[in-house]
Amino acid sequence: MPELPEVETIRRGLEKEVLHKRIIDVQINLPRLIKNLTENQFKTRLTGSFIKTIKRRGKYLLCLLNTKDCLIFHLGMSGLLLYLGKDMRTIPKIKEKHNHLSISFEDASKIIYNDVRQFGKIWLIREGEKLPAIESLGWEPLDDKFTFQIFFDLFRNKKGGIKSQLMNQKYITGVGNIYANEALFQAGIHPQRKSDSLTDQELQKLYFAIKDTLKRAILCDGTTMADESYRNIWGKPGNFAEHILIYGKKNGHCPICGNPLSLIRIENRSTFVCTACQK
DNA sequence: AAAGTAACCTGCCCGC
DNA sequence: TGCGGGCAGGTTACTT
């Protein structure tokens, strides 16, 4: 599910609702999701603290606490963070049996971690402690310091296919299957092109397409496909699906030339291509 | 270095 | 109606 725009939408939502609210209770229903502590250690260290700031790194959410601890979420394929105000018990269409973690605040509101497929991961670390999964992440595509020159140097000598490399979090972080498909289409580049075969002009188009696609998706609060599995913290879907050009359009047609779209698999992920427009 | 496969999970959809 | 296969916004380990 959640790629950079969805995680950023969740981050902004949490920032509005839970900063500086004292945590009074932590309930864990699926201890497996907590990766580096026992259930009790996690509860004990979290209870009584409050979140000071919330950052995002790629698809990770980092909640910095007043105790100098850092609560980290990776939402996997189907993870959701849901905010329930005082007296709210559920959110329509969200199944309670997939609520795996609940953090309650002093004002009787809470956040719930819900995850159908259970691929999500949660850590509680000391601020400054290093998590290898995060240390190895590459560039933030929307960071101003991520210049075209850096992008160019990253990919111009790589022999592999461009789509695989765009999705490789150690080069650029936050781009997943939807936005890789969309950016490559917008740039007119076939996903199986070898990176080192791309011209300067093609790389430039791709660089801007990635930034543009991600920014527009954030403005729409992310992508919720027909299955509605992605929701923001208030349970609302994102609106970027209506701007999606090719991802998920099985048996669909190219919005530019009208030719039928091809569906191929790259590293086991569905990849949509217009072979007329993407060379 | 690159690409394929399977594994981790549950649920839904499709064809038979 | 039911069953099996395939597929789903991700990551990792292991193999070719």
# chains A, B, ... in the order shown; residues from 1 in each chain; ligands from 1
$ select_by_dssp --residues "segment 14-129 of chain A" --states "alpha helix (DSSP H)" --output "ChimeraX atom specification"
/A:14-17,39-46
$ closest_atom_pairs --of "chain A" --to "chain C" --cutoff "10 Å" --atoms "only C-alpha atoms (C1' of nucleotides)" --output "CSV"
residue,atom,partner,partner_atom,distance
A:Met1,CA,C:DG9,C1',2.6
A:Pro2,CA,C:DG9,C1',4.7
A:Glu3,CA,C:DG9,C1',6.0
A:Leu4,CA,C:DG9,C1',9.7
A:Glu6,CA,C:DG9,C1',8.7
A:Lys59,CA,C:DG10,C1',9.6
A:His74,CA,C:DG10,C1',9.3
A:Leu75,CA,C:DG10,C1',8.4
A:Gly76,CA,C:DG10,C1',5.0
A:Met77,CA,C:DG10,C1',5.4
A:Ser78,CA,C:DG9,C1',7.9
A:Phe119,CA,C:DG10,C1',7.6
A:Gly120,CA,C:DG10,C1',8.6
A:Ala133,CA,C:DT11,C1',9.8
A:Gln169,CA,C:DT11,C1',9.8
A:Val175,CA,C:DG9,C1',9.8
A:Gly176,CA,C:DG9,C1',6.9
A:Asn177,CA,C:DG9,C1',6.7
A:Ile178,CA,C:DG9,C1',6.5
A:Tyr179,CA,C:DG9,C1',9.0
A:Gly222,CA,C:DG9,C1',9.9
A:Thr223,CA,C:DG9,C1',8.1
A:Thr224,CA,C:DG9,C1',8.6
A:Met225,CA,C:DG9,C1',8.8
A:Asp227,CA,C:DA8,C1',9.4
A:Ser229,CA,C:DG9,C1',9.0
A:Tyr230,CA,C:DG9,C1',8.0
A:Arg269,CA,C:DA8,C1',9.8
A:Ser270,CA,C:DC7,C1',9.4
$ write_last_selection --atoms "N, CA and C atoms" --output "compact mmCIF listing (two decimals), in the first residue's frame"
# COMPACT_ATOMS: atom_id res chain seq x y z
N MET A 1 0.79 -1.21 0.00
CA MET A 1 0.00 0.00 0.00
C MET A 1 0.82 1.26 0.00
N PRO A 2 1.24 1.67 1.17
CA PRO A 2 1.58 3.08 1.29
C PRO A 2 2.96 3.38 0.75
N GLU A 3 3.02 4.31 -0.16
CA GLU A 3 4.28 4.82 -0.67
C GLU A 3 4.45 6.22 -0.08
N LEU A 4 5.44 6.92 -0.56
CA LEU A 4 5.76 8.22 0.05
C LEU A 4 4.54 9.14 0.26
N GLU A 6 1.36 8.55 0.62
CA GLU A 6 0.42 8.06 1.64
C GLU A 6 1.04 8.21 3.03
N LYS A 59 9.40 5.54 3.38
CA LYS A 59 8.09 5.02 3.78
C LYS A 59 8.02 4.77 5.28
N HIS A 74 6.75 1.11 10.01
CA HIS A 74 6.73 0.87 8.57
C HIS A 74 5.44 0.13 8.30
N LEU A 75 4.63 0.62 7.36
CA LEU A 75 3.26 0.12 7.22
C LEU A 75 3.12 -1.07 6.30
N GLY A 76 4.24 -1.55 5.75
CA GLY A 76 4.17 -2.73 4.89
C GLY A 76 3.21 -2.51 3.73
N MET A 77 2.41 -3.51 3.41
CA MET A 77 1.48 -3.42 2.27
C MET A 77 0.12 -2.89 2.68
N SER A 78 -0.28 -3.12 3.91
CA SER A 78 -1.68 -2.84 4.27
C SER A 78 -1.82 -2.17 5.63
N PHE A 119 2.35 -7.22 7.41
CA PHE A 119 3.74 -7.04 6.94
C PHE A 119 4.39 -5.81 7.56
N GLY A 120 3.63 -5.04 8.29
CA GLY A 120 4.16 -3.83 8.91
C GLY A 120 5.17 -4.17 10.01
N ALA A 133 17.84 -0.65 8.70
CA ALA A 133 16.89 -0.49 7.60
C ALA A 133 16.76 0.97 7.18
N GLN A 169 15.06 1.04 -2.59
CA GLN A 169 15.03 2.11 -1.58
C GLN A 169 16.42 2.63 -1.21
N VAL A 175 9.52 5.69 -3.38
CA VAL A 175 8.84 5.33 -4.62
C VAL A 175 8.53 3.82 -4.61
N GLY A 176 7.29 3.47 -4.76
CA GLY A 176 6.88 2.07 -4.84
C GLY A 176 6.28 1.78 -6.21
N ASN A 177 5.47 0.76 -6.27
CA ASN A 177 5.02 0.27 -7.57
C ASN A 177 4.10 1.25 -8.31
N ILE A 178 3.18 1.86 -7.61
CA ILE A 178 2.26 2.79 -8.29
C ILE A 178 3.03 3.95 -8.91
N TYR A 179 3.84 4.62 -8.08
CA TYR A 179 4.47 5.85 -8.55
C TYR A 179 5.63 5.58 -9.51
N GLY A 222 -2.82 11.18 -1.36
CA GLY A 222 -2.44 9.81 -1.69
C GLY A 222 -3.44 9.08 -2.57
N THR A 223 -3.12 7.82 -2.85
CA THR A 223 -3.90 7.01 -3.77
C THR A 223 -4.69 5.94 -3.02
N THR A 224 -5.99 5.93 -3.19
CA THR A 224 -6.81 4.84 -2.70
C THR A 224 -7.41 4.14 -3.92
N MET A 225 -7.03 2.89 -4.14
CA MET A 225 -7.53 2.14 -5.28
C MET A 225 -8.95 1.64 -4.95
N ASP A 227 -10.20 -1.05 -4.03
CA ASP A 227 -10.42 -1.87 -2.83
C ASP A 227 -10.44 -1.05 -1.54
N SER A 229 -8.22 0.05 0.35
CA SER A 229 -7.41 -0.40 1.48
C SER A 229 -6.56 0.71 2.09
N TYR A 230 -6.29 1.77 1.34
CA TYR A 230 -5.57 2.88 1.99
C TYR A 230 -6.54 3.95 2.49
N ARG A 269 6.31 -7.74 -9.89
CA ARG A 269 5.33 -6.68 -9.66
C ARG A 269 4.67 -6.32 -10.97
N SER A 270 3.36 -6.11 -10.92
CA SER A 270 2.61 -5.72 -12.12
C SER A 270 3.13 -4.39 -12.65
$ interface_residues --of "chain B" --to "chain A" --cutoff "9 Å" --atoms "only C-alpha atoms (C1' of nucleotides)" --output "ChimeraX atom specification"
/B:1-5,8-11
$ atom_distance --atom1 "atom CA of Leu101 of chain A" --atom2 "atom CA of Tyr83 of chain A"
12.1 Å
$ residues_around --residues "Glu15 of chain A" --least-positions-apart "6" --cutoff "12 Å" --atoms "only C-alpha atoms (C1' of nucleotides)" --output "JSON, numbers by chain"
{"A": [8, 9, 21, 51, 52, 53, 54, 55, 56, 61, 62, 63, 64, 83, 233]}
